[in-house]
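Asker: Pasting upload_33.cif here (mmCIF, N, CA and C atoms; chains and numbers go by the auth columns):
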```cif
data_upload
loop_
_atom_site.group_PDB
_atom_site.id
_atom_site.type_symbol
_atom_site.label_atom_id
_atom_site.label_comp_id
_atom_site.label_asym_id
_atom_site.label_seq_id
_atom_site.Cartn_x
_atom_site.Cartn_y
_atom_site.Cartn_z
_atom_site.B_iso_or_equiv
_atom_site.auth_seq_id
_atom_site.auth_asym_id
ATOM 1 N N MET A 1 63.846 -18.720 32.807 0.00 1 K
ATOM 2 C CA MET A 1 64.158 -17.780 33.866 0.00 1 K
ATOM 3 C C MET A 1 63.085 -16.704 33.887 0.00 1 K
ATOM 4 N N LYS A 2 62.944 -16.149 35.065 0.00 2 K
ATOM 5 C CA LYS A 2 61.947 -15.109 35.259 0.00 2 K
ATOM 6 C C LYS A 2 62.437 -14.186 36.371 0.00 2 K
ATOM 7 N N ARG A 3 62.131 -12.918 36.243 0.00 3 K
ATOM 8 C CA ARG A 3 62.533 -11.997 37.303 0.00 3 K
ATOM 9 C C ARG A 3 61.614 -12.189 38.515 0.00 3 K
ATOM 10 N N LYS A 4 62.171 -11.896 39.682 0.00 4 K
ATOM 11 C CA LYS A 4 61.412 -12.019 40.919 0.00 4 K
ATOM 12 C C LYS A 4 60.383 -10.913 41.039 0.00 4 K
ATOM 13 N N GLU A 5 59.315 -11.217 41.717 0.00 5 K
ATOM 14 C CA GLU A 5 58.337 -10.187 42.067 0.00 5 K
ATOM 15 C C GLU A 5 58.988 -9.263 43.090 0.00 5 K
ATOM 16 N N GLY A 6 58.519 -8.050 43.167 0.00 6 K
ATOM 17 C CA GLY A 6 59.038 -7.123 44.163 0.00 6 K
ATOM 18 C C GLY A 6 60.085 -6.164 43.635 0.00 6 K
ATOM 19 N N PHE A 7 60.290 -6.168 42.326 0.00 7 K
ATOM 20 C CA PHE A 7 61.234 -5.242 41.711 0.00 7 K
ATOM 21 C C PHE A 7 60.542 -4.541 40.553 0.00 7 K
ATOM 22 N N LEU A 8 60.779 -3.253 40.440 0.00 8 K
ATOM 23 C CA LEU A 8 60.217 -2.462 39.344 0.00 8 K
ATOM 24 C C LEU A 8 61.322 -1.720 38.613 0.00 8 K
ATOM 25 N N LEU A 9 61.121 -1.546 37.330 0.00 9 K
ATOM 26 C CA LEU A 9 62.034 -0.755 36.525 0.00 9 K
ATOM 27 C C LEU A 9 61.514 0.674 36.486 0.00 9 K
ATOM 28 N N ARG A 10 62.365 1.597 36.830 0.00 10 K
ATOM 29 C CA ARG A 10 62.024 3.019 36.791 0.00 10 K
ATOM 30 C C ARG A 10 63.017 3.728 35.883 0.00 10 K
ATOM 31 N N LYS A 11 62.503 4.652 35.082 0.00 11 K
ATOM 32 C CA LYS A 11 63.370 5.439 34.201 0.00 11 K
ATOM 33 C C LYS A 11 63.334 6.890 34.653 0.00 11 K
ATOM 34 N N ILE A 12 64.519 7.416 34.907 0.00 12 K
ATOM 35 C CA ILE A 12 64.668 8.802 35.325 0.00 12 K
ATOM 36 C C ILE A 12 65.615 9.452 34.329 0.00 12 K
ATOM 37 N N ASP A 13 65.078 10.360 33.535 0.00 13 K
ATOM 38 C CA ASP A 13 65.823 10.950 32.420 0.00 13 K
ATOM 39 C C ASP A 13 66.329 9.818 31.526 0.00 13 K
ATOM 40 N N ASP A 14 67.630 9.696 31.376 0.00 14 K
ATOM 41 C CA ASP A 14 68.207 8.659 30.519 0.00 14 K
ATOM 42 C C ASP A 14 68.713 7.459 31.314 0.00 14 K
ATOM 43 N N THR A 15 68.364 7.377 32.590 0.00 15 K
ATOM 44 C CA THR A 15 68.854 6.307 33.447 0.00 15 K
ATOM 45 C C THR A 15 67.728 5.340 33.790 0.00 15 K
ATOM 46 N N ALA A 16 68.008 4.048 33.639 0.00 16 K
ATOM 47 C CA ALA A 16 67.046 3.002 33.997 0.00 16 K
ATOM 48 C C ALA A 16 67.546 2.303 35.261 0.00 16 K
ATOM 49 N N ILE A 17 66.658 2.214 36.251 0.00 17 K
ATOM 50 C CA ILE A 17 67.026 1.659 37.554 0.00 17 K
ATOM 51 C C ILE A 17 65.987 0.623 37.968 0.00 17 K
ATOM 52 N N VAL A 18 66.468 -0.522 38.466 0.00 18 K
ATOM 53 C CA VAL A 18 65.587 -1.520 39.054 0.00 18 K
ATOM 54 C C VAL A 18 65.609 -1.288 40.564 0.00 18 K
ATOM 55 N N VAL A 19 64.427 -1.084 41.132 0.00 19 K
ATOM 56 C CA VAL A 19 64.323 -0.800 42.560 0.00 19 K
ATOM 57 C C VAL A 19 63.412 -1.823 43.237 0.00 19 K
ATOM 58 N N PRO A 20 63.708 -2.136 44.500 0.00 20 K
ATOM 59 C CA PRO A 20 62.828 -3.030 45.237 0.00 20 K
ATOM 60 C C PRO A 20 61.590 -2.277 45.718 0.00 20 K
ATOM 61 N N VAL A 21 60.457 -2.970 45.772 0.00 21 K
ATOM 62 C CA VAL A 21 59.216 -2.370 46.270 0.00 21 K
ATOM 63 C C VAL A 21 58.554 -3.325 47.260 0.00 21 K
ATOM 64 N N GLY A 22 57.678 -2.762 48.072 0.00 22 K
ATOM 65 C CA GLY A 22 56.924 -3.573 49.026 0.00 22 K
ATOM 66 C C GLY A 22 57.831 -4.298 49.997 0.00 22 K
ATOM 67 N N GLU A 23 57.485 -5.545 50.293 0.00 23 K
ATOM 68 C CA GLU A 23 58.248 -6.363 51.239 0.00 23 K
ATOM 69 C C GLU A 23 59.696 -6.554 50.802 0.00 23 K
ATOM 70 N N THR A 24 59.922 -6.582 49.515 0.00 24 K
ATOM 71 C CA THR A 24 61.282 -6.788 49.004 0.00 24 K
ATOM 72 C C THR A 24 62.209 -5.665 49.456 0.00 24 K
ATOM 73 N N SER A 25 61.677 -4.472 49.608 0.00 25 K
ATOM 74 C CA SER A 25 62.517 -3.341 50.012 0.00 25 K
ATOM 75 C C SER A 25 63.036 -3.483 51.440 0.00 25 K
ATOM 76 N N ARG A 26 62.427 -4.367 52.214 0.00 26 K
ATOM 77 C CA ARG A 26 62.911 -4.589 53.587 0.00 26 K
ATOM 78 C C ARG A 26 64.190 -5.424 53.604 0.00 26 K
ATOM 79 N N SER A 27 64.358 -6.296 52.604 0.00 27 K
ATOM 80 C CA SER A 27 65.521 -7.179 52.599 0.00 27 K
ATOM 81 C C SER A 27 66.550 -6.831 51.524 0.00 27 K
ATOM 82 N N PHE A 28 66.144 -6.116 50.497 0.00 28 K
ATOM 83 C CA PHE A 28 67.052 -5.732 49.413 0.00 28 K
ATOM 84 C C PHE A 28 67.303 -4.241 49.523 0.00 28 K
ATOM 85 N N HIS A 29 68.527 -3.890 49.826 0.00 29 K
ATOM 86 C CA HIS A 29 68.869 -2.476 50.008 0.00 29 K
ATOM 87 C C HIS A 29 69.792 -2.041 48.879 0.00 29 K
ATOM 88 N N GLY A 30 69.241 -1.317 47.952 0.00 30 K
ATOM 89 C CA GLY A 30 70.046 -0.828 46.843 0.00 30 K
ATOM 90 C C GLY A 30 69.217 -0.671 45.591 0.00 30 K
ATOM 91 N N MET A 31 69.913 -0.365 44.521 0.00 31 K
ATOM 92 C CA MET A 31 69.297 -0.203 43.210 0.00 31 K
ATOM 93 C C MET A 31 70.258 -0.795 42.189 0.00 31 K
ATOM 94 N N ILE A 32 69.711 -1.219 41.079 0.00 32 K
ATOM 95 C CA ILE A 32 70.512 -1.757 39.991 0.00 32 K
ATOM 96 C C ILE A 32 70.305 -0.863 38.773 0.00 32 K
ATOM 97 N N THR A 33 71.378 -0.359 38.208 0.00 33 K
ATOM 98 C CA THR A 33 71.299 0.476 37.014 0.00 33 K
ATOM 99 C C THR A 33 71.474 -0.407 35.783 0.00 33 K
ATOM 100 N N LEU A 34 70.614 -0.209 34.795 0.00 34 K
ATOM 101 C CA LEU A 34 70.672 -0.996 33.564 0.00 34 K
ATOM 102 C C LEU A 34 70.932 -0.105 32.363 0.00 34 K
ATOM 103 N N ASN A 35 71.694 -0.642 31.417 0.00 35 K
ATOM 104 C CA ASN A 35 71.857 0.055 30.143 0.00 35 K
ATOM 105 C C ASN A 35 70.702 -0.356 29.230 0.00 35 K
ATOM 106 N N GLU A 36 70.712 0.103 27.996 0.00 36 K
ATOM 107 C CA GLU A 36 69.612 -0.166 27.069 0.00 36 K
ATOM 108 C C GLU A 36 69.392 -1.665 26.853 0.00 36 K
ATOM 109 N N THR A 37 70.468 -2.412 26.698 0.00 37 K
ATOM 110 C CA THR A 37 70.350 -3.857 26.502 0.00 37 K
ATOM 111 C C THR A 37 69.832 -4.527 27.767 0.00 37 K
ATOM 112 N N GLY A 38 70.286 -4.078 28.926 0.00 38 K
ATOM 113 C CA GLY A 38 69.805 -4.622 30.189 0.00 38 K
ATOM 114 C C GLY A 38 68.317 -4.397 30.362 0.00 38 K
ATOM 115 N N VAL A 39 67.833 -3.230 29.981 0.00 39 K
ATOM 116 C CA VAL A 39 66.396 -2.935 30.048 0.00 39 K
ATOM 117 C C VAL A 39 65.632 -3.882 29.131 0.00 39 K
ATOM 118 N N PHE A 40 66.143 -4.092 27.940 0.00 40 K
ATOM 119 C CA PHE A 40 65.507 -4.991 26.983 0.00 40 K
ATOM 120 C C PHE A 40 65.389 -6.401 27.572 0.00 40 K
ATOM 121 N N LEU A 41 66.489 -6.904 28.128 0.00 41 K
ATOM 122 C CA LEU A 41 66.470 -8.254 28.712 0.00 41 K
ATOM 123 C C LEU A 41 65.569 -8.311 29.942 0.00 41 K
ATOM 124 N N TRP A 42 65.607 -7.292 30.778 0.00 42 K
ATOM 125 C CA TRP A 42 64.766 -7.237 31.973 0.00 42 K
ATOM 126 C C TRP A 42 63.293 -7.339 31.593 0.00 42 K
ATOM 127 N N GLU A 43 62.910 -6.583 30.585 0.00 43 K
ATOM 128 C CA GLU A 43 61.510 -6.593 30.162 0.00 43 K
ATOM 129 C C GLU A 43 61.114 -7.947 29.585 0.00 43 K
ATOM 130 N N MET A 44 62.033 -8.621 28.923 0.00 44 K
ATOM 131 C CA MET A 44 61.740 -9.954 28.394 0.00 44 K
ATOM 132 C C MET A 44 61.564 -10.981 29.514 0.00 44 K
ATOM 133 N N LEU A 45 62.163 -10.731 30.654 0.00 45 K
ATOM 134 C CA LEU A 45 62.088 -11.665 31.775 0.00 45 K
ATOM 135 C C LEU A 45 60.816 -11.500 32.605 0.00 45 K
ATOM 136 N N SER A 46 59.843 -10.758 32.087 0.00 46 K
ATOM 137 C CA SER A 46 58.562 -10.628 32.797 0.00 46 K
ATOM 138 C C SER A 46 57.815 -11.954 32.774 0.00 46 K
ATOM 139 N N GLY A 47 58.109 -12.790 31.807 0.00 47 K
ATOM 140 C CA GLY A 47 57.552 -14.134 31.726 0.00 47 K
ATOM 141 C C GLY A 47 58.697 -15.130 31.728 0.00 47 K
ATOM 142 N N GLU A 48 58.367 -16.386 31.735 0.00 48 K
ATOM 143 C CA GLU A 48 59.386 -17.434 31.725 0.00 48 K
ATOM 144 C C GLU A 48 60.097 -17.423 30.367 0.00 48 K
ATOM 145 N N THR A 49 61.370 -17.066 30.377 0.00 49 K
ATOM 146 C CA THR A 49 62.142 -16.949 29.142 0.00 49 K
ATOM 147 C C THR A 49 63.518 -17.565 29.350 0.00 49 K
ATOM 148 N N GLY A 50 63.940 -18.391 28.422 0.00 50 K
ATOM 149 C CA GLY A 50 65.239 -19.042 28.524 0.00 50 K
ATOM 150 C C GLY A 50 66.344 -18.240 27.862 0.00 50 K
ATOM 151 N N PRO A 51 67.589 -18.584 28.173 0.00 51 K
ATOM 152 C CA PRO A 51 68.736 -17.880 27.604 0.00 51 K
ATOM 153 C C PRO A 51 68.752 -17.901 26.076 0.00 51 K
ATOM 154 N N ASP A 52 68.327 -19.009 25.474 0.00 52 K
ATOM 155 C CA ASP A 52 68.322 -19.108 24.013 0.00 52 K
ATOM 156 C C ASP A 52 67.371 -18.077 23.403 0.00 52 K
ATOM 157 N N ALA A 53 66.176 -17.953 23.979 0.00 53 K
ATOM 158 C CA ALA A 53 65.200 -16.979 23.467 0.00 53 K
ATOM 159 C C ALA A 53 65.691 -15.546 23.687 0.00 53 K
ATOM 160 N N LEU A 54 66.344 -15.299 24.795 0.00 54 K
ATOM 161 C CA LEU A 54 66.888 -13.964 25.061 0.00 54 K
ATOM 162 C C LEU A 54 67.962 -13.608 24.027 0.00 54 K
ATOM 163 N N ALA A 55 68.854 -14.549 23.754 0.00 55 K
ATOM 164 C CA ALA A 55 69.926 -14.307 22.796 0.00 55 K
ATOM 165 C C ALA A 55 69.356 -14.085 21.391 0.00 55 K
ATOM 166 N N GLN A 56 68.374 -14.888 21.022 0.00 56 K
ATOM 167 C CA GLN A 56 67.759 -14.730 19.702 0.00 56 K
ATOM 168 C C GLN A 56 67.101 -13.355 19.571 0.00 56 K
ATOM 169 N N ALA A 57 66.429 -12.915 20.619 0.00 57 K
ATOM 170 C CA ALA A 57 65.788 -11.599 20.602 0.00 57 K
ATOM 171 C C ALA A 57 66.828 -10.482 20.475 0.00 57 K
ATOM 172 N N LEU A 58 67.968 -10.626 21.156 0.00 58 K
ATOM 173 C CA LEU A 58 69.036 -9.634 21.021 0.00 58 K
ATOM 174 C C LEU A 58 69.542 -9.577 19.585 0.00 58 K
ATOM 175 N N CYS A 59 69.739 -10.742 18.991 0.00 59 K
ATOM 176 C CA CYS A 59 70.207 -10.794 17.595 0.00 59 K
ATOM 177 C C CYS A 59 69.233 -10.074 16.670 0.00 59 K
ATOM 178 N N SER A 60 67.968 -10.331 16.845 0.00 60 K
ATOM 179 C CA SER A 60 66.948 -9.744 15.977 0.00 60 K
ATOM 180 C C SER A 60 66.809 -8.239 16.179 0.00 60 K
ATOM 181 N N THR A 61 66.838 -7.823 17.423 0.00 61 K
ATOM 182 C CA THR A 61 66.593 -6.416 17.740 0.00 61 K
ATOM 183 C C THR A 61 67.809 -5.528 17.493 0.00 61 K
ATOM 184 N N TYR A 62 68.989 -6.021 17.868 0.00 62 K
ATOM 185 C CA TYR A 62 70.187 -5.187 17.800 0.00 62 K
ATOM 186 C C TYR A 62 71.123 -5.552 16.644 0.00 62 K
ATOM 187 N N GLN A 63 70.715 -6.520 15.821 0.00 63 K
ATOM 188 C CA GLN A 63 71.519 -6.907 14.659 0.00 63 K
ATOM 189 C C GLN A 63 72.949 -7.281 15.045 0.00 63 K
ATOM 190 N N ILE A 64 73.090 -8.104 16.090 0.00 64 K
ATOM 191 C CA ILE A 64 74.406 -8.571 16.515 0.00 64 K
ATOM 192 C C ILE A 64 74.520 -10.065 16.227 0.00 64 K
ATOM 193 N N ASP A 65 75.750 -10.572 16.223 0.00 65 K
ATOM 194 C CA ASP A 65 75.957 -11.986 15.951 0.00 65 K
ATOM 195 C C ASP A 65 75.592 -12.820 17.180 0.00 65 K
ATOM 196 N N ARG A 66 75.326 -14.090 16.947 0.00 66 K
ATOM 197 C CA ARG A 66 74.842 -14.970 18.008 0.00 66 K
ATOM 198 C C ARG A 66 75.875 -15.148 19.122 0.00 66 K
ATOM 199 N N GLU A 67 77.135 -15.215 18.798 0.00 67 K
ATOM 200 C CA GLU A 67 78.172 -15.384 19.814 0.00 67 K
ATOM 201 C C GLU A 67 78.167 -14.211 20.800 0.00 67 K
ATOM 202 N N THR A 68 78.077 -13.003 20.283 0.00 68 K
ATOM 203 C CA THR A 68 78.024 -11.815 21.134 0.00 68 K
ATOM 204 C C THR A 68 76.759 -11.826 21.980 0.00 68 K
ATOM 205 N N ALA A 69 75.636 -12.179 21.378 0.00 69 K
ATOM 206 C CA ALA A 69 74.365 -12.226 22.108 0.00 69 K
ATOM 207 C C ALA A 69 74.420 -13.249 23.234 0.00 69 K
ATOM 208 N N ASP A 70 74.950 -14.437 22.951 0.00 70 K
ATOM 209 C CA ASP A 70 75.056 -15.474 23.991 0.00 70 K
ATOM 210 C C ASP A 70 75.918 -14.996 25.156 0.00 70 K
ATOM 211 N N ARG A 71 77.037 -14.354 24.835 0.00 71 K
ATOM 212 C CA ARG A 71 77.945 -13.849 25.868 0.00 71 K
ATOM 213 C C ARG A 71 77.270 -12.758 26.697 0.00 71 K
ATOM 214 N N ASP A 72 76.581 -11.827 26.028 0.00 72 K
ATOM 215 C CA ASP A 72 75.900 -10.740 26.742 0.00 72 K
ATOM 216 C C ASP A 72 74.782 -11.263 27.635 0.00 72 K
ATOM 217 N N VAL A 73 74.009 -12.212 27.145 0.00 73 K
ATOM 218 C CA VAL A 73 72.925 -12.796 27.937 0.00 73 K
ATOM 219 C C VAL A 73 73.485 -13.525 29.146 0.00 73 K
ATOM 220 N N ALA A 74 74.526 -14.321 28.946 0.00 74 K
ATOM 221 C CA ALA A 74 75.124 -15.060 30.069 0.00 74 K
ATOM 222 C C ALA A 74 75.631 -14.102 31.141 0.00 74 K
ATOM 223 N N ARG A 75 76.282 -13.028 30.719 0.00 75 K
ATOM 224 C CA ARG A 75 76.814 -12.036 31.666 0.00 75 K
ATOM 225 C C ARG A 75 75.674 -11.350 32.425 0.00 75 K
ATOM 226 N N PHE A 76 74.616 -10.965 31.710 0.00 76 K
ATOM 227 C CA PHE A 76 73.469 -10.313 32.340 0.00 76 K
ATOM 228 C C PHE A 76 72.797 -11.243 33.350 0.00 76 K
ATOM 229 N N LEU A 77 72.551 -12.479 32.947 0.00 77 K
ATOM 230 C CA LEU A 77 71.869 -13.425 33.834 0.00 77 K
ATOM 231 C C LEU A 77 72.707 -13.750 35.066 0.00 77 K
ATOM 232 N N GLU A 78 74.009 -13.855 34.891 0.00 78 K
ATOM 233 C CA GLU A 78 74.894 -14.126 36.029 0.00 78 K
ATOM 234 C C GLU A 78 74.825 -12.984 37.048 0.00 78 K
ATOM 235 N N LYS A 79 74.912 -11.756 36.555 0.00 79 K
ATOM 236 C CA LYS A 79 74.869 -10.599 37.455 0.00 79 K
ATOM 237 C C LYS A 79 73.488 -10.475 38.118 0.00 79 K
ATOM 238 N N ALA A 80 72.420 -10.706 37.357 0.00 80 K
ATOM 239 C CA ALA A 80 71.067 -10.620 37.913 0.00 80 K
ATOM 240 C C ALA A 80 70.840 -11.704 38.960 0.00 80 K
ATOM 241 N N GLN A 81 71.370 -12.899 38.702 0.00 81 K
ATOM 242 C CA GLN A 81 71.238 -14.001 39.659 0.00 81 K
ATOM 243 C C GLN A 81 71.973 -13.673 40.959 0.00 81 K
ATOM 244 N N LYS A 82 73.205 -13.190 40.841 0.00 82 K
ATOM 245 C CA LYS A 82 73.999 -12.839 42.015 0.00 82 K
ATOM 246 C C LYS A 82 73.346 -11.728 42.821 0.00 82 K
ATOM 247 N N ALA A 83 72.661 -10.814 42.150 0.00 83 K
ATOM 248 C CA ALA A 83 71.981 -9.703 42.834 0.00 83 K
ATOM 249 C C ALA A 83 70.658 -10.140 43.440 0.00 83 K
ATOM 250 N N GLY A 84 70.207 -11.359 43.133 0.00 84 K
ATOM 251 C CA GLY A 84 68.955 -11.849 43.698 0.00 84 K
ATOM 252 C C GLY A 84 67.718 -11.363 42.973 0.00 84 K
ATOM 253 N N LEU A 85 67.854 -11.047 41.689 0.00 85 K
ATOM 254 C CA LEU A 85 66.737 -10.499 40.927 0.00 85 K
ATOM 255 C C LEU A 85 65.949 -11.562 40.175 0.00 85 K
ATOM 256 N N LEU A 86 66.440 -12.786 40.112 0.00 86 K
ATOM 257 C CA LEU A 86 65.782 -13.835 39.347 0.00 86 K
ATOM 258 C C LEU A 86 65.240 -14.947 40.235 0.00 86 K
ATOM 259 N N GLU A 87 64.131 -15.533 39.797 0.00 87 K
ATOM 260 C CA GLU A 87 63.590 -16.693 40.500 0.00 87 K
ATOM 261 C C GLU A 87 64.488 -17.884 40.216 0.00 87 K
ATOM 262 N N GLU A 88 64.593 -18.756 41.201 0.00 88 K
ATOM 263 C CA GLU A 88 65.434 -19.948 41.014 0.00 88 K
ATOM 264 C C GLU A 88 64.596 -21.140 40.661 0.00 88 K
#
```
Could you render the structure as structure tokens?

Answerer:
Amino acid sequence: MKRKEGFLLRKIDDTAIVVPVGETSRSFHGMITLNETGVFLWEMLSGETGPDALAQALCSTYQIDRETADRDVARFLEKAQKAGLLEE
């Protein structure tokens, strides 16, 4: 999976927001707010990255168990897909 072009992550104080830029801003109206884990996953999706690699990275970085990481990654990817943020 990979995030679509046309979206940038912006940090304002303690808030992280994904915003559309360029041509994407003509068809995508809104912003997506991410928590710390969401920012971590978003940044990992700058290249082609699969759910397994994302979950493993969460385990390593946040010291969580694999079951929790798999669930969090699946939830994040589902929401990002529905919002149109990922390439198909």

Asker: Residues at most 7 Å from K:Leu54, counting only N, CA and C atoms, excluding those fewer than 5 positions away in the same chain, as a list in words?

Answerer: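 Skipping anything fewer than 5 positions along the chain leaves Leu41, Thr49, Cys59, Ala69 and Val73 of chain K.
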
Asker: Taking the file as shown, find all residues satisfying the PyMOL selection byres ((chain K and resi 19) around 8) and write them as a list in words.

Answerer: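 Applying the expression gives Gly6, Phe7, Leu8, Leu9, Arg10, Ala16, Ile17, Val18, Pro20, Val21, Gly22, Thr24, Ser25, Phe28, Gly30, Met31, Ile32 and Thr33 of chain K.
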
Asker: Would you output that residue set with N, CA and C atoms, as a CSV table (one decimal), in the coordinates of the input?

Answerer:
```csv
chain,number,residue,atom,x,y,z
K,6,GLY,N,58.5,-8.0,43.2
K,6,GLY,CA,59.0,-7.1,44.2
K,6,GLY,C,60.1,-6.2,43.6
K,7,PHE,N,60.3,-6.2,42.3
K,7,PHE,CA,61.2,-5.2,41.7
K,7,PHE,C,60.5,-4.5,40.6
K,8,LEU,N,60.8,-3.3,40.4
K,8,LEU,CA,60.2,-2.5,39.3
K,8,LEU,C,61.3,-1.7,38.6
K,9,LEU,N,61.1,-1.5,37.3
K,9,LEU,CA,62.0,-0.8,36.5
K,9,LEU,C,61.5,0.7,36.5
K,10,ARG,N,62.4,1.6,36.8
K,10,ARG,CA,62.0,3.0,36.8
K,10,ARG,C,63.0,3.7,35.9
K,16,ALA,N,68.0,4.0,33.6
K,16,ALA,CA,67.0,3.0,34.0
K,16,ALA,C,67.5,2.3,35.3
K,17,ILE,N,66.7,2.2,36.3
K,17,ILE,CA,67.0,1.7,37.6
K,17,ILE,C,66.0,0.6,38.0
K,18,VAL,N,66.5,-0.5,38.5
K,18,VAL,CA,65.6,-1.5,39.1
K,18,VAL,C,65.6,-1.3,40.6
K,20,PRO,N,63.7,-2.1,44.5
K,20,PRO,CA,62.8,-3.0,45.2
K,20,PRO,C,61.6,-2.3,45.7
K,21,VAL,N,60.5,-3.0,45.8
K,21,VAL,CA,59.2,-2.4,46.3
K,21,VAL,C,58.6,-3.3,47.3
K,22,GLY,N,57.7,-2.8,48.1
K,22,GLY,CA,56.9,-3.6,49.0
K,22,GLY,C,57.8,-4.3,50.0
K,24,THR,N,59.9,-6.6,49.5
K,24,THR,CA,61.3,-6.8,49.0
K,24,THR,C,62.2,-5.7,49.5
K,25,SER,N,61.7,-4.5,49.6
K,25,SER,CA,62.5,-3.3,50.0
K,25,SER,C,63.0,-3.5,51.4
K,28,PHE,N,66.1,-6.1,50.5
K,28,PHE,CA,67.1,-5.7,49.4
K,28,PHE,C,67.3,-4.2,49.5
K,30,GLY,N,69.2,-1.3,48.0
K,30,GLY,CA,70.0,-0.8,46.8
K,30,GLY,C,69.2,-0.7,45.6
K,31,MET,N,69.9,-0.4,44.5
K,31,MET,CA,69.3,-0.2,43.2
K,31,MET,C,70.3,-0.8,42.2
K,32,ILE,N,69.7,-1.2,41.1
K,32,ILE,CA,70.5,-1.8,40.0
K,32,ILE,C,70.3,-0.9,38.8
K,33,THR,N,71.4,-0.4,38.2
K,33,THR,CA,71.3,0.5,37.0
K,33,THR,C,71.5,-0.4,35.8
```

Asker: DSSP on the backbone, alpha helix (DSSP H) only: what residues of chain K does that give? Format it as a PyMOL selection string.

Answerer: chain K and resi 24-27+36-44+51-62+66-82

Asker: From the set K:Phe76, K:His29, K:Lys82, K:Thr37, which residue has the shortest atom-to-atom contact distance to K:Ala57, counting only C-alpha atoms?

Answerer: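 Comparing K:Phe76, K:His29, K:Lys82, K:Thr37 against K:Ala57, the winner is K:Thr37.
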
Asker: Would you please work out which residue, of K:Glu48, K:Phe40, K:Leu77, K:Gly84, is nearest to K:Thr61 when using only C-alpha atoms?

Answerer: K:Phe40

Asker: Could you work out how far atom N of K:Leu86 lies from atom C of K:Ser46, giving the answer in Å with one decimal?

Answerer: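 Value for the atom C of K:Ser46-atom N of K:Leu86 distance: 11.4 Å.
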
Asker: Using the chain letters and numbers from the file, which residues does the PyMOL selection byres ((chain K and resi 85) around 8) grab, as a compact mmCIF listing (two decimals) with N, CA and C atoms, in the frame of the given file?

Answerer:
```txt
# COMPACT_ATOMS: atom_id res chain seq x y z
N LYS K 2 62.94 -16.15 35.06
CA LYS K 2 61.95 -15.11 35.26
C LYS K 2 62.44 -14.19 36.37
N ARG K 3 62.13 -12.92 36.24
CA ARG K 3 62.53 -12.00 37.30
C ARG K 3 61.61 -12.19 38.52
N LYS K 4 62.17 -11.90 39.68
CA LYS K 4 61.41 -12.02 40.92
C LYS K 4 60.38 -10.91 41.04
N GLU K 5 59.32 -11.22 41.72
CA GLU K 5 58.34 -10.19 42.07
C GLU K 5 58.99 -9.26 43.09
N PHE K 7 60.29 -6.17 42.33
CA PHE K 7 61.23 -5.24 41.71
C PHE K 7 60.54 -4.54 40.55
N LYS K 79 74.91 -11.76 36.56
CA LYS K 79 74.87 -10.60 37.46
C LYS K 79 73.49 -10.48 38.12
N ALA K 80 72.42 -10.71 37.36
CA ALA K 80 71.07 -10.62 37.91
C ALA K 80 70.84 -11.70 38.96
N GLN K 81 71.37 -12.90 38.70
CA GLN K 81 71.24 -14.00 39.66
C GLN K 81 71.97 -13.67 40.96
N LYS K 82 73.20 -13.19 40.84
CA LYS K 82 74.00 -12.84 42.02
C LYS K 82 73.35 -11.73 42.82
N ALA K 83 72.66 -10.81 42.15
CA ALA K 83 71.98 -9.70 42.83
C ALA K 83 70.66 -10.14 43.44
N GLY K 84 70.21 -11.36 43.13
CA GLY K 84 68.96 -11.85 43.70
C GLY K 84 67.72 -11.36 42.97
N LEU K 86 66.44 -12.79 40.11
CA LEU K 86 65.78 -13.84 39.35
C LEU K 86 65.24 -14.95 40.24
N GLU K 87 64.13 -15.53 39.80
CA GLU K 87 63.59 -16.69 40.50
C GLU K 87 64.49 -17.88 40.22
N GLU K 88 64.59 -18.76 41.20
CA GLU K 88 65.43 -19.95 41.01
C GLU K 88 64.60 -21.14 40.66
```
